[in-house]
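Content type compact mmCIF, N, CA and C atoms, from the file work_6.txt:
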# COMPACT_ATOMS: atom_id res chain seq x y z
N MET O 761 98.40 209.36 155.30
CA MET O 761 98.49 209.44 156.74
C MET O 761 98.38 210.89 157.20
N GLU O 762 97.47 211.13 158.12
CA GLU O 762 97.26 212.48 158.64
C GLU O 762 98.42 212.88 159.53
N LYS O 763 98.83 214.13 159.42
CA LYS O 763 99.91 214.63 160.26
C LYS O 763 99.46 214.69 161.72
N MET O 764 100.39 214.38 162.61
CA MET O 764 100.12 214.45 164.04
C MET O 764 100.52 215.84 164.54
N ASP O 765 99.68 216.42 165.39
CA ASP O 765 100.04 217.67 166.06
C ASP O 765 100.83 217.34 167.31
N ILE O 766 102.00 217.94 167.45
CA ILE O 766 102.81 217.78 168.65
C ILE O 766 103.03 219.16 169.24
N HIS O 767 102.60 219.34 170.48
CA HIS O 767 102.71 220.61 171.18
C HIS O 767 103.73 220.44 172.30
N ILE O 768 104.80 221.24 172.29
CA ILE O 768 105.80 221.18 173.35
C ILE O 768 105.67 222.45 174.18
N VAL O 769 105.36 222.28 175.46
CA VAL O 769 105.22 223.41 176.37
C VAL O 769 106.43 223.39 177.30
N GLY O 770 107.23 224.44 177.22
CA GLY O 770 108.46 224.54 178.01
C GLY O 770 109.64 224.11 177.17
N LEU O 771 110.51 225.05 176.85
CA LEU O 771 111.62 224.77 175.93
C LEU O 771 112.98 224.94 176.61
N GLY O 772 113.04 224.52 177.87
CA GLY O 772 114.32 224.47 178.58
C GLY O 772 115.12 223.30 178.03
N ASN O 773 115.99 222.73 178.86
CA ASN O 773 116.86 221.64 178.40
C ASN O 773 116.09 220.47 177.82
N LEU O 774 115.11 219.97 178.56
CA LEU O 774 114.40 218.77 178.11
C LEU O 774 113.45 219.07 176.95
N GLY O 775 112.70 220.17 177.02
CA GLY O 775 111.81 220.53 175.92
C GLY O 775 112.58 220.75 174.63
N SER O 776 113.75 221.40 174.73
CA SER O 776 114.60 221.61 173.55
C SER O 776 115.17 220.29 173.04
N ALA O 777 115.49 219.37 173.95
CA ALA O 777 115.98 218.06 173.53
C ALA O 777 114.89 217.32 172.74
N PHE O 778 113.65 217.39 173.20
CA PHE O 778 112.55 216.79 172.44
C PHE O 778 112.45 217.43 171.06
N LEU O 779 112.50 218.75 171.01
CA LEU O 779 112.41 219.45 169.73
C LEU O 779 113.50 218.98 168.78
N LYS O 780 114.72 218.93 169.24
CA LYS O 780 115.83 218.49 168.39
C LYS O 780 115.63 217.04 167.97
N GLY O 781 115.22 216.19 168.89
CA GLY O 781 115.01 214.78 168.57
C GLY O 781 113.85 214.53 167.62
N LEU O 782 112.88 215.43 167.61
CA LEU O 782 111.70 215.26 166.76
C LEU O 782 111.84 215.91 165.39
N GLU O 783 112.97 216.51 165.11
CA GLU O 783 113.15 217.21 163.82
C GLU O 783 112.83 216.32 162.63
N ASP O 784 113.19 215.05 162.68
CA ASP O 784 112.95 214.14 161.56
C ASP O 784 111.47 213.84 161.35
N LEU O 785 110.65 214.10 162.36
CA LEU O 785 109.21 213.82 162.24
C LEU O 785 108.44 214.95 161.57
N GLN O 786 109.12 216.04 161.23
CA GLN O 786 108.40 217.21 160.73
C GLN O 786 107.59 216.93 159.47
N GLU O 787 107.95 215.91 158.69
CA GLU O 787 107.14 215.55 157.52
C GLU O 787 105.81 214.95 157.94
N ASN O 788 105.79 214.26 159.10
CA ASN O 788 104.60 213.58 159.58
C ASN O 788 103.95 214.28 160.77
N ALA O 789 104.48 215.42 161.15
CA ALA O 789 103.95 216.10 162.33
C ALA O 789 103.99 217.61 162.14
N ASP O 790 103.01 218.25 162.74
CA ASP O 790 103.03 219.71 162.87
C ASP O 790 103.45 219.99 164.30
N ILE O 791 104.55 220.70 164.47
CA ILE O 791 105.10 220.96 165.80
C ILE O 791 104.77 222.39 166.22
N TYR O 792 104.17 222.50 167.41
CA TYR O 792 103.80 223.79 167.98
C TYR O 792 104.57 223.96 169.28
N LEU O 793 105.13 225.14 169.48
CA LEU O 793 106.00 225.39 170.63
C LEU O 793 105.45 226.52 171.49
N TYR O 794 105.65 226.36 172.81
CA TYR O 794 105.17 227.35 173.77
C TYR O 794 106.24 227.54 174.84
N GLU O 795 106.59 228.80 175.10
CA GLU O 795 107.64 229.10 176.08
C GLU O 795 107.40 230.50 176.63
N GLY O 796 107.46 230.62 177.95
CA GLY O 796 107.23 231.91 178.61
C GLY O 796 108.37 232.89 178.48
N SER O 797 109.60 232.42 178.39
CA SER O 797 110.78 233.28 178.35
C SER O 797 111.02 233.84 176.94
N GLU O 798 111.08 235.15 176.85
CA GLU O 798 111.34 235.80 175.56
C GLU O 798 112.71 235.41 175.02
N ASP O 799 113.72 235.34 175.88
CA ASP O 799 115.07 234.96 175.44
C ASP O 799 115.09 233.56 174.85
N VAL O 800 114.41 232.63 175.49
CA VAL O 800 114.37 231.26 174.98
C VAL O 800 113.61 231.21 173.66
N ARG O 801 112.50 231.95 173.57
CA ARG O 801 111.73 231.97 172.31
C ARG O 801 112.60 232.47 171.16
N GLN O 802 113.38 233.53 171.41
CA GLN O 802 114.25 234.08 170.36
C GLN O 802 115.34 233.09 169.97
N SER O 803 115.90 232.41 170.96
CA SER O 803 116.94 231.41 170.68
C SER O 803 116.38 230.26 169.84
N ILE O 804 115.20 229.79 170.18
CA ILE O 804 114.58 228.70 169.42
C ILE O 804 114.29 229.15 168.00
N GLN O 805 113.77 230.36 167.86
CA GLN O 805 113.46 230.87 166.52
C GLN O 805 114.73 230.96 165.68
N LYS O 806 115.81 231.42 166.28
CA LYS O 806 117.08 231.54 165.56
C LYS O 806 117.63 230.17 165.17
N ASN O 807 117.58 229.21 166.08
CA ASN O 807 118.22 227.92 165.85
C ASN O 807 117.37 226.92 165.06
N TYR O 808 116.05 227.08 165.09
CA TYR O 808 115.18 226.09 164.45
C TYR O 808 114.25 226.68 163.39
N SER O 809 114.26 227.97 163.22
CA SER O 809 113.35 228.64 162.29
C SER O 809 111.89 228.33 162.61
N LEU O 810 111.59 228.09 163.87
CA LEU O 810 110.23 227.92 164.36
C LEU O 810 109.96 229.04 165.36
N THR O 811 108.73 229.53 165.39
CA THR O 811 108.40 230.63 166.27
C THR O 811 107.52 230.15 167.42
N PRO O 812 108.09 230.00 168.61
CA PRO O 812 107.27 229.60 169.76
C PRO O 812 106.31 230.72 170.17
N LYS O 813 105.16 230.33 170.68
CA LYS O 813 104.21 231.28 171.25
C LYS O 813 104.50 231.41 172.74
N GLU O 814 104.08 232.52 173.32
CA GLU O 814 104.30 232.74 174.74
C GLU O 814 103.44 231.80 175.59
N SER O 815 102.20 231.55 175.14
CA SER O 815 101.31 230.64 175.87
C SER O 815 100.36 229.99 174.87
N LEU O 816 99.72 228.91 175.31
CA LEU O 816 98.82 228.22 174.40
C LEU O 816 97.40 228.75 174.56
N ASN O 817 96.62 228.60 173.50
CA ASN O 817 95.21 228.98 173.54
C ASN O 817 94.38 227.74 173.81
N VAL O 818 94.24 226.90 172.79
CA VAL O 818 93.47 225.66 172.89
C VAL O 818 94.24 224.57 172.16
N ILE O 819 94.28 223.38 172.73
CA ILE O 819 94.85 222.23 172.05
C ILE O 819 93.71 221.24 171.86
N SER O 820 93.36 221.00 170.59
CA SER O 820 92.18 220.18 170.32
C SER O 820 92.52 218.75 169.89
N LYS O 821 93.78 218.50 169.50
CA LYS O 821 94.14 217.14 169.07
C LYS O 821 95.65 216.96 169.16
N GLY O 822 96.06 215.70 169.07
CA GLY O 822 97.49 215.41 169.03
C GLY O 822 98.06 215.09 170.39
N VAL O 823 99.33 215.49 170.57
CA VAL O 823 100.09 215.17 171.77
C VAL O 823 100.60 216.46 172.40
N LEU O 824 100.45 216.55 173.71
CA LEU O 824 101.01 217.66 174.48
C LEU O 824 102.20 217.12 175.25
N ILE O 825 103.40 217.60 174.93
CA ILE O 825 104.60 217.24 175.68
C ILE O 825 104.84 218.37 176.67
N LEU O 826 104.59 218.08 177.91
CA LEU O 826 104.60 219.08 178.97
C LEU O 826 105.95 219.05 179.68
N CYS O 827 106.79 220.07 179.46
CA CYS O 827 108.16 220.11 179.98
C CYS O 827 108.42 221.34 180.85
N ILE O 828 107.42 221.77 181.59
CA ILE O 828 107.61 222.95 182.44
C ILE O 828 108.25 222.54 183.77
N LYS O 829 108.66 223.53 184.53
CA LYS O 829 109.28 223.27 185.83
C LYS O 829 108.24 222.72 186.81
N PRO O 830 108.64 221.78 187.65
CA PRO O 830 107.68 221.16 188.58
C PRO O 830 106.95 222.17 189.47
N GLN O 831 107.62 223.24 189.87
CA GLN O 831 106.98 224.23 190.73
C GLN O 831 105.89 225.04 190.02
N ASN O 832 105.82 224.94 188.69
CA ASN O 832 104.81 225.68 187.92
C ASN O 832 103.63 224.81 187.50
N ILE O 833 103.64 223.54 187.87
CA ILE O 833 102.65 222.61 187.33
C ILE O 833 101.22 222.92 187.79
N ASN O 834 101.02 223.25 189.05
CA ASN O 834 99.67 223.54 189.53
C ASN O 834 99.08 224.77 188.85
N GLU O 835 99.89 225.79 188.66
CA GLU O 835 99.44 226.99 187.96
C GLU O 835 99.07 226.65 186.51
N PHE O 836 99.89 225.81 185.86
CA PHE O 836 99.59 225.40 184.49
C PHE O 836 98.26 224.67 184.45
N PHE O 837 98.08 223.69 185.34
CA PHE O 837 96.84 222.91 185.35
C PHE O 837 95.63 223.81 185.60
N ASP O 838 95.72 224.72 186.55
CA ASP O 838 94.60 225.62 186.85
C ASP O 838 94.28 226.52 185.65
N THR O 839 95.31 226.99 184.96
CA THR O 839 95.11 227.92 183.84
C THR O 839 94.59 227.22 182.58
N TYR O 840 95.08 226.01 182.31
CA TYR O 840 94.81 225.38 181.01
C TYR O 840 93.91 224.15 181.06
N LYS O 841 93.37 223.79 182.22
CA LYS O 841 92.58 222.56 182.32
C LYS O 841 91.37 222.55 181.38
N ASP O 842 90.82 223.70 181.05
CA ASP O 842 89.67 223.77 180.15
C ASP O 842 90.07 224.04 178.70
N LYS O 843 91.37 224.10 178.42
CA LYS O 843 91.84 224.44 177.08
C LYS O 843 92.51 223.27 176.36
N ILE O 844 92.52 222.10 177.02
CA ILE O 844 93.14 220.92 176.43
C ILE O 844 92.05 219.87 176.25
N ALA O 845 91.76 219.53 175.00
CA ALA O 845 90.67 218.61 174.68
C ALA O 845 90.95 217.22 175.25
N ARG O 846 89.89 216.48 175.49
CA ARG O 846 89.94 215.14 176.07
C ARG O 846 90.75 214.16 175.23
N ASP O 847 90.77 214.34 173.91
CA ASP O 847 91.46 213.42 173.01
C ASP O 847 92.96 213.68 172.89
N VAL O 848 93.47 214.70 173.53
CA VAL O 848 94.89 215.02 173.48
C VAL O 848 95.65 214.09 174.42
N LEU O 849 96.70 213.46 173.93
CA LEU O 849 97.57 212.63 174.76
C LEU O 849 98.49 213.56 175.54
N ILE O 850 98.48 213.46 176.85
CA ILE O 850 99.37 214.27 177.68
C ILE O 850 100.60 213.43 177.99
N CYS O 851 101.74 213.92 177.55
CA CYS O 851 103.02 213.23 177.71
C CYS O 851 103.92 214.15 178.53
N THR O 852 104.48 213.65 179.64
CA THR O 852 105.30 214.53 180.45
C THR O 852 106.44 213.83 181.15
N PRO O 853 107.60 214.50 181.17
CA PRO O 853 108.76 214.01 181.92
C PRO O 853 108.96 214.77 183.23
N ILE O 854 107.98 215.55 183.68
CA ILE O 854 108.17 216.41 184.86
C ILE O 854 108.49 215.56 186.09
N ALA O 855 109.61 215.86 186.71
CA ALA O 855 110.08 215.11 187.88
C ALA O 855 109.06 215.19 189.02
N GLY O 856 108.78 214.03 189.61
CA GLY O 856 107.90 213.97 190.77
C GLY O 856 106.41 214.07 190.47
N LEU O 857 106.04 214.22 189.22
CA LEU O 857 104.64 214.35 188.85
C LEU O 857 104.05 212.97 188.57
N GLU O 858 103.05 212.59 189.34
CA GLU O 858 102.44 211.28 189.16
C GLU O 858 101.22 211.37 188.26
N ILE O 859 100.91 210.27 187.59
CA ILE O 859 99.74 210.21 186.72
C ILE O 859 98.48 210.58 187.50
N LYS O 860 98.34 210.10 188.72
CA LYS O 860 97.13 210.39 189.50
C LYS O 860 96.95 211.88 189.76
N THR O 861 98.04 212.63 189.83
CA THR O 861 97.94 214.08 189.99
C THR O 861 97.38 214.71 188.73
N ILE O 862 97.85 214.27 187.57
CA ILE O 862 97.34 214.79 186.29
C ILE O 862 95.86 214.45 186.15
N GLU O 863 95.48 213.24 186.59
CA GLU O 863 94.09 212.80 186.47
C GLU O 863 93.13 213.61 187.34
N LYS O 864 93.62 214.35 188.30
CA LYS O 864 92.76 215.24 189.09
C LYS O 864 92.25 216.41 188.25
N TYR O 865 93.00 216.75 187.22
CA TYR O 865 92.66 217.90 186.37
C TYR O 865 92.13 217.48 184.99
N PHE O 866 92.58 216.33 184.49
CA PHE O 866 92.27 215.92 183.12
C PHE O 866 91.79 214.48 183.09
N GLU O 867 90.91 214.18 182.15
CA GLU O 867 90.46 212.81 181.91
C GLU O 867 91.21 212.19 180.74
N ASN O 868 92.25 212.84 180.29
CA ASN O 868 93.01 212.42 179.12
C ASN O 868 93.84 211.17 179.38
N ASN O 869 94.26 210.55 178.27
CA ASN O 869 95.27 209.52 178.37
C ASN O 869 96.59 210.21 178.71
N VAL O 870 97.36 209.57 179.60
CA VAL O 870 98.61 210.17 180.07
C VAL O 870 99.75 209.19 179.83
N LEU O 871 100.81 209.70 179.25
CA LEU O 871 102.04 208.97 179.04
C LEU O 871 103.10 209.64 179.91
N ARG O 872 103.51 208.96 180.96
CA ARG O 872 104.50 209.49 181.90
C ARG O 872 105.84 208.92 181.50
N ILE O 873 106.80 209.80 181.18
CA ILE O 873 108.09 209.36 180.66
C ILE O 873 109.24 209.88 181.52
N MET O 874 110.37 209.21 181.44
CA MET O 874 111.58 209.65 182.12
C MET O 874 112.77 209.51 181.17
N PRO O 875 112.86 210.40 180.18
CA PRO O 875 113.95 210.31 179.20
C PRO O 875 115.25 210.88 179.76
N ASN O 876 116.34 210.64 179.04
CA ASN O 876 117.58 211.35 179.34
C ASN O 876 117.85 212.31 178.18
N LEU O 877 118.76 213.24 178.37
CA LEU O 877 118.99 214.26 177.34
C LEU O 877 119.58 213.72 176.04
N LEU O 878 120.03 212.48 176.03
CA LEU O 878 120.56 211.89 174.81
C LEU O 878 119.48 211.68 173.75
N ILE O 879 118.22 211.87 174.12
CA ILE O 879 117.15 211.75 173.12
C ILE O 879 117.33 212.75 171.99
N GLN O 880 117.98 213.88 172.28
CA GLN O 880 118.19 214.88 171.23
C GLN O 880 119.07 214.36 170.10
N ASP O 881 119.91 213.39 170.41
CA ASP O 881 120.77 212.79 169.39
C ASP O 881 120.28 211.41 168.95
N LYS O 882 119.08 211.07 169.42
CA LYS O 882 118.45 209.78 169.10
C LYS O 882 119.29 208.60 169.60
N THR O 883 120.03 208.82 170.70
CA THR O 883 120.81 207.74 171.30
C THR O 883 120.37 207.45 172.72
N GLY O 884 119.38 208.17 173.19
CA GLY O 884 118.89 207.97 174.54
C GLY O 884 117.80 206.92 174.59
N PHE O 885 117.20 206.80 175.75
CA PHE O 885 116.10 205.87 175.91
C PHE O 885 115.03 206.55 176.77
N ILE O 886 113.80 206.04 176.69
CA ILE O 886 112.69 206.66 177.39
C ILE O 886 111.86 205.59 178.10
N PRO O 887 112.14 205.34 179.38
CA PRO O 887 111.23 204.48 180.14
C PRO O 887 109.89 205.20 180.29
N PHE O 888 108.80 204.45 180.32
CA PHE O 888 107.49 205.10 180.41
C PHE O 888 106.48 204.23 181.13
N THR O 889 105.40 204.88 181.53
CA THR O 889 104.22 204.20 182.03
C THR O 889 103.01 205.00 181.55
N THR O 890 101.85 204.34 181.49
CA THR O 890 100.64 205.00 180.99
C THR O 890 99.46 204.69 181.89
N ASN O 891 98.38 205.43 181.67
CA ASN O 891 97.11 205.12 182.33
C ASN O 891 96.11 204.54 181.33
N TYR O 892 96.60 203.97 180.24
CA TYR O 892 95.75 203.42 179.18
C TYR O 892 96.44 202.20 178.56
N GLU O 893 95.69 201.46 177.78
CA GLU O 893 96.20 200.28 177.08
C GLU O 893 96.57 200.66 175.65
N GLY O 894 97.58 200.02 175.10
CA GLY O 894 97.92 200.23 173.69
C GLY O 894 98.80 201.43 173.47
N ASP O 895 99.05 201.73 172.22
CA ASP O 895 99.92 202.84 171.82
C ASP O 895 99.05 203.95 171.26
N TYR O 896 98.50 204.76 172.12
CA TYR O 896 97.59 205.84 171.74
C TYR O 896 98.24 206.74 170.71
N LEU O 897 97.58 206.95 169.59
CA LEU O 897 98.05 207.79 168.48
C LEU O 897 99.35 207.28 167.85
N ASN O 898 99.76 206.03 168.19
CA ASN O 898 101.04 205.49 167.72
C ASN O 898 102.22 206.39 168.10
N PHE O 899 102.05 207.19 169.13
CA PHE O 899 103.08 208.15 169.51
C PHE O 899 104.33 207.45 170.02
N ILE O 900 104.17 206.45 170.86
CA ILE O 900 105.33 205.76 171.41
C ILE O 900 106.14 205.13 170.27
N HIS O 901 105.45 204.49 169.35
CA HIS O 901 106.13 203.86 168.21
C HIS O 901 106.86 204.91 167.37
N ASN O 902 106.21 206.03 167.08
CA ASN O 902 106.81 207.06 166.25
C ASN O 902 108.03 207.68 166.91
N ILE O 903 107.98 207.86 168.21
CA ILE O 903 109.12 208.44 168.92
C ILE O 903 110.25 207.44 168.96
Translate this structure into structure tokens?
Amino acid sequence: MEKMDIHIVGLGNLGSAFLKGLEDLQENADIYLYEGSEDVRQSIQKNYSLTPKESLNVISKGVLILCIKPQNINEFFDTYKDKIARDVLICTPIAGLEIKTIEKYFENNVLRIMPNLLIQDKTGFIPFTTNYEGDYLNFIHNI
């Protein structure tokens, strides 16, 4: 089985909860982290022995878990719309962000989720909706 690439952009409370919850998947996934704050990057490196990058270059495959602040979403879309390949599953819990807004910038499959912070302990739940049929990349099943 080929390893899945999982890219987490934004490592605040929710992005960090995803990282903690996904620790068991590290045998089956390559996890890439992106965070603008130097303090947060250092904290993540210290606590997880993973080194987040300040920003992403290109994402060509896998899943993008987008956990940035809602007020930064338009800037993110404008900056990175040409750097995220069509085959990348865009997964996001950003409050107030609708799938149709993401579709203005990307033709990707979108998984819109609303988790709670208990996901970090694997005791939470994640309601979701998609703009596609089936379990793209088996991501929902794996999570």
Contact check, range 781-857 of chain O to range 872-894 of chain O, at most 6.5 Å, counting only N, CA and C atoms, closest pairs as a Markdown table:
| residue | atom | partner | partner_atom | distance |
| --- | --- | --- | --- | --- |
| O:Gly781 | N | O:Gln880 | CA | 4.0 |
| O:Leu782 | N | O:Gln880 | CA | 6.5 |
| O:Ile850 | C | O:Arg872 | N | 6.1 |
| O:Cys851 | CA | O:Arg872 | N | 5.4 |
| O:Thr852 | C | O:Ile873 | N | 4.0 |
| O:Pro853 | CA | O:Ile873 | C | 4.2 |
| O:Ile854 | N | O:Ile873 | C | 6.2 |
For CA of Gly770 in chain O and CA of Asn832 in chain O, determine how far apart the two atoms are, in Å to one decimal place. 10.6 Å
Set the distance at 6 Å and use only N, CA and C atoms: which residues neighbour range 815-830 of chain O once local chain neighbours fewer than 2 positions away are removed? I'd like the list as JSON, numbers by chain. {"O": [764, 765, 766, 767, 768, 769, 770, 771, 775, 794, 795, 813, 832, 833, 843, 844, 845, 847, 848, 849, 850, 851, 852, 853, 854, 855]}
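We find CA of Gly856 in chain O and CA of Leu793 in chain O to be spaced 23.2 Å apart.
Between CA of Asp790 in chain O and CA of Asn773 in chain O the separation is 20.9 Å.
Minimum atom-to-atom distances from O:Ile862, O:Glu762, O:Ile804, O:Glu867 to Glu787 in chain O were compared using only C-alpha atoms, and the lowest value belongs to O:Glu762.
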Enumerate the residues of range 823-881 of chain O with a DSSP assignment of helix (DSSP H, G or I), computed from the backbone, and present them as a list in words. Pro830, Gln831, Asn832, Ile833, Asn834, Glu835, Phe836, Phe837, Asp838, Thr839, Tyr840, Ile859, Lys860, Thr861, Ile862, Glu863, Leu877, Leu878, Ile879, Gln880 and Asp881 of chain O
Could you pull out the strand (DSSP E or B) residues of chain O, going by DSSP on the backbone, and write them as a PyMOL selection string? chain O and resi 764-769+789-794+813+819+823-826+844+849-852+870-873+888-890
